[in-house]
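Q: This is the structure I have questions about; it appears just below.
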Amino acid sequence: MPTSPDDATSSLFDPLGLDLLGRNLREEMNGRPRVPLDEVKPFPGAGLYALYYKGDLSVYKDLKGLDTPIYVGKASASDSSYGDPPNMTERKLFGRIRDHRNSIKQADNLDPTHFDVRFLNLDDIWIVLGERALLRAYSPVLWNTVMTGFGGNSPGRGRRNARSVWDSIHPGRTRAASLLCNRNYSYTEMKKLISDGIEISLMKAGAERNKKLKEFRNRPAQIIWEEAQGSGPGPKPVLVFRENVFVEENSRFGFDLSTLEWKLTDAPKQTTAEAAALDAAEA
């Protein structure tokens, strides 16, 4: 209890504070029913959604049966540069869920029946805040941070793109079929990364979890390959830093290295887990 009037007024309650609003959005989302991903029917509106894994892959065994999302996403109703009101009859949120369902169908070791989804219709003004609250509460959300590549766009042209961690663990998507292996991780290293990420996401919120999360984000990753620098259009030669891993990983995906111009370099190169995730997200 406060011991003086000064103590009583030193910390004012703000009913519209971002933390409280975020918590309300998260709690409302978590109160929504989980729907099997393969049974979601078309519906109008925009908002938030979260995917939950319930399959049998050993790499996700610690998530099975828990209420911890494997992916969090959003779909906005409007992006009008004129500030036009959103059209809430459009199926923006359903469209995002449908697109993810189609991606999962293409993976060799996943199926929509392995997932549940929650979704919450919202006005655009609350969507970003709600997504941030979910990502903070369950950080690191596996497919948002550790295994980037699931929700991104198809690789662009003009640079040598790499397989994302997601497409390395879940091969099969057409858009990744012609890509070189991941730039930063072997398959064994990916499994360790995923296991450690899940362990942190299941920790109780607090200083120890924050410490572990910071260490995780700054964890070093030994680069496997990168594209050489140079001017002009089109792919450049590939510089390889870890030859055995480079050969083994590309062999795993059936990539014919005889068709590629690459050379070994003796100078090791390092990045961090967070930078590696951003690299995959931008590829």
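By convention in this document, the chains of the structure tokens carry letters A, B, ... by their order, each chain's residues are numbered from 1, and ligands are numbered from 1 in the order they are shown.
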Determine, counting only C-alpha atoms, which protein, DNA and RNA residues have an atom within 8 Å of an atom of stretch 243-253 of chain A; residues of the same chain fewer than 5 positions away are not included. Present the result as a JSON list (two decimals) with N, CA and C atoms, in the first residue's frame.
A:
[["chain", "number", "residue", "atom", "x", "y", "z"],
["A", 180, "LEU", "N", 20.08, -22.39, -54.04],
["A", 180, "LEU", "CA", 21.19, -22.98, -53.31],
["A", 180, "LEU", "C", 20.80, -23.17, -51.83],
["A", 181, "CYS", "N", 21.62, -23.95, -51.14],
["A", 181, "CYS", "CA", 21.37, -24.21, -49.72],
["A", 181, "CYS", "C", 21.38, -22.92, -48.91],
["A", 186, "SER", "N", 23.90, -25.43, -41.51],
["A", 186, "SER", "CA", 23.71, -26.80, -41.96],
["A", 186, "SER", "C", 22.40, -27.32, -41.36],
["A", 187, "TYR", "N", 21.97, -28.47, -41.81],
["A", 187, "TYR", "CA", 20.74, -29.07, -41.30],
["A", 187, "TYR", "C", 20.85, -29.33, -39.80],
["A", 224, "ILE", "N", 28.23, -20.02, -44.71],
["A", 224, "ILE", "CA", 28.60, -21.13, -45.60],
["A", 224, "ILE", "C", 29.03, -20.61, -46.97],
["A", 225, "TRP", "N", 28.27, -19.68, -47.50],
["A", 225, "TRP", "CA", 28.59, -19.13, -48.82],
["A", 225, "TRP", "C", 27.97, -17.75, -48.96],
["A", 264, "LEU", "N", 36.40, -21.78, -53.51],
["A", 264, "LEU", "CA", 36.62, -21.87, -52.07],
["A", 264, "LEU", "C", 37.49, -20.70, -51.61]]
Q: Taking the DSSP secondary structure from the backbone, can you list the residues of stretch 16-76 of chain A that are strand (DSSP E), as an NGL selection string?
A: :A and (35-36 or 47-53 or 71-75)
Q: With distances taken over only C-alpha atoms, which residue among A:Pro42, A:Asn161, A:Lys192, A:Gly254 lies nearest A:Glu90?
A: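 The answer is A:Pro42, which sits nearest to A:Glu90.
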Q: So how many Å separate atom CA of A:Gly73 and atom CA of A:Ala205, to one decimal?
A: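 Distance reported for this atom pair: 21.6 Å.
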Q: Contacts of A:Asp266 at 9 Å or less, counting only C-alpha atoms, minus same-chain residues fewer than 6 places along, as an NGL selection string?
A: :A and (240-242)
Q: Okay, now the selection with all heavy atoms, as a PDB file, in the first residue's frame?
A:
ATOM      1  N   VAL A 240      32.681 -19.726 -51.347  1.00  0.00           N
ATOM      2  CA  VAL A 240      32.339 -20.763 -50.381  1.00  0.00           C
ATOM      3  C   VAL A 240      33.321 -20.733 -49.212  1.00  0.00           C
ATOM      4  O   VAL A 240      34.529 -20.801 -49.410  1.00  0.00           O
ATOM      5  CB  VAL A 240      32.349 -22.154 -51.057  1.00  0.00           C
ATOM      6  CG1 VAL A 240      32.093 -23.250 -50.029  1.00  0.00           C
ATOM      7  CG2 VAL A 240      31.301 -22.206 -52.167  1.00  0.00           C
ATOM      8  N   PHE A 241      32.794 -20.646 -47.994  1.00  0.00           N
ATOM      9  CA  PHE A 241      33.616 -20.581 -46.787  1.00  0.00           C
ATOM     10  C   PHE A 241      33.697 -21.933 -46.076  1.00  0.00           C
ATOM     11  O   PHE A 241      34.658 -22.189 -45.362  1.00  0.00           O
ATOM     12  CB  PHE A 241      33.049 -19.536 -45.817  1.00  0.00           C
ATOM     13  CG  PHE A 241      32.963 -18.154 -46.411  1.00  0.00           C
ATOM     14  CD1 PHE A 241      31.781 -17.705 -46.986  1.00  0.00           C
ATOM     15  CD2 PHE A 241      34.063 -17.313 -46.408  1.00  0.00           C
ATOM     16  CE1 PHE A 241      31.697 -16.434 -47.535  1.00  0.00           C
ATOM     17  CE2 PHE A 241      33.981 -16.037 -46.954  1.00  0.00           C
ATOM     18  CZ  PHE A 241      32.807 -15.594 -47.528  1.00  0.00           C
ATOM     19  N   ARG A 242      32.674 -22.762 -46.235  1.00  0.00           N
ATOM     20  CA  ARG A 242      32.636 -24.073 -45.571  1.00  0.00           C
ATOM     21  C   ARG A 242      32.310 -25.123 -46.638  1.00  0.00           C
ATOM     22  O   ARG A 242      31.153 -25.443 -46.881  1.00  0.00           O
ATOM     23  CB  ARG A 242      31.597 -24.061 -44.453  1.00  0.00           C
ATOM     24  CG  ARG A 242      31.888 -23.023 -43.377  1.00  0.00           C
ATOM     25  CD  ARG A 242      30.677 -22.731 -42.498  1.00  0.00           C
ATOM     26  NE  ARG A 242      30.263 -23.888 -41.726  1.00  0.00           N
ATOM     27  CZ  ARG A 242      29.108 -23.966 -41.062  1.00  0.00           C
ATOM     28  NH1 ARG A 242      28.268 -22.937 -41.081  1.00  0.00           N
ATOM     29  NH2 ARG A 242      28.799 -25.048 -40.384  1.00  0.00           N
TER      30      ARG A 242
END
Q: One decimal, Å: what's the distance from atom CA of A:Asp19 over to atom CA of A:Thr145, could you say?
A: 21.7 Å
Q: With only C-alpha atoms as the counted atoms, please give the residues lying no more than 12 Å from A:Asp56, apart from itself and same-chain residues fewer than 2 positions off, as a ChimeraX atom specification.
A: /A:53-54,58-65,109-111,113-115
Q: Of the residues A:Leu37, A:Val72, A:Leu142, A:Gln106, which is the one nearest to A:Leu202, using only C-alpha atoms?
A: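 Of the candidates, the smallest distance to A:Leu202 is held by A:Leu142.
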Q: Given only C-alpha atoms as the basis, pick out the residue of A:Leu179, A:Ile127, A:Ile70, A:Leu257 nearest to A:Leu21.
A: A:Ile127
Q: If we count only C-alpha atoms and set the cut-off at 9 Å, which residues sit around A:Arg32, ignoring sequence neighbours fewer than 4 positions away in its own chain? Please answer as a list in words.
A: Glu27, Glu28, Arg118, Phe119 and Leu120 of chain A
Q: Per DSSP on the backbone, what are the helix (DSSP H, G or I) residues of stretch 60-216 of chain A, as number ranges by chain?
A: A: 60, 92-106, 112-114, 124-137, 142-146, 165-169, 174-176, 187-201, 207-216
Q: Please measure the separation of atom CA of A:Lys105 and atom CA of A:Ser195, giving the value in Å to one decimal.
A: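 Separation between atom CA of A:Lys105 and atom CA of A:Ser195: 23.7 Å.
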Q: Would you please work out which residue, of A:Phe43, A:Tyr71, A:Trp126, A:Phe94, is nearest to A:Arg23 when using only C-alpha atoms?
A: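 Distance minimum relative to A:Arg23 lands on A:Trp126.
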Q: Would you kindly return, as an MDAnalysis selection string, each protein, DNA or RNA residue with an atom no farther than 9 Å from any atom of A:Ala75, considering only C-alpha atoms and excluding same-chain residues fewer than 2 positions away?
A: chainID A and resid 45:49 73 77 92:96 124 127
Q: Need the shell around A:Arg101: protein/DNA/RNA residues with any atom at most 8 Å away, counting only C-alpha atoms. Skip same-chain ones fewer than 2 positions apart. Format as JSON, numbers by chain?
A: {"A": [37, 38, 97, 98, 99, 103, 104, 105, 112]}
Q: For the residues selected in the previous step, produce a file with N, CA and C atoms as a compact mmCIF listing (two decimals), in the first residue's frame.
A:
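Everything below was put into result.txt:
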# COMPACT_ATOMS: atom_id res chain seq x y z
N LEU A 37 -6.74 -25.95 -39.44
CA LEU A 37 -6.38 -25.13 -40.59
C LEU A 37 -7.08 -25.59 -41.86
N ASP A 38 -7.24 -26.89 -42.02
CA ASP A 38 -7.85 -27.41 -43.24
C ASP A 38 -9.37 -27.22 -43.27
N ILE A 97 -4.55 -16.57 -44.54
CA ILE A 97 -4.60 -17.92 -43.98
C ILE A 97 -4.62 -18.95 -45.11
N ARG A 98 -5.39 -18.68 -46.16
CA ARG A 98 -5.45 -19.59 -47.31
C ARG A 98 -4.09 -19.71 -47.98
N ASP A 99 -3.38 -18.60 -48.15
CA ASP A 99 -2.05 -18.64 -48.78
C ASP A 99 -1.09 -19.50 -47.96
N SER A 103 0.96 -22.98 -48.94
CA SER A 103 2.40 -23.19 -48.76
C SER A 103 2.68 -24.48 -48.00
N ILE A 104 1.91 -24.69 -46.95
CA ILE A 104 2.08 -25.89 -46.14
C ILE A 104 1.77 -27.14 -46.96
N LYS A 105 0.79 -27.07 -47.84
CA LYS A 105 0.46 -28.22 -48.69
C LYS A 105 1.62 -28.62 -49.59
N PRO A 112 -1.84 -29.42 -43.92
CA PRO A 112 -2.71 -28.53 -43.16
C PRO A 112 -3.37 -29.19 -41.95
Q: Just checking: using only C-alpha atoms, which residue out of A:Leu213, A:Ala107, A:Ala273, A:Leu25 ends up closest to A:Tyr185?
A: A:Ala273
Q: For A:Glu215, which residue out of A:Thr188, A:Ser201, A:Ser78, A:Thr272 is the nearest one, using only C-alpha atoms?
A: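 Among the listed residues, A:Thr272 lies closest to A:Glu215.
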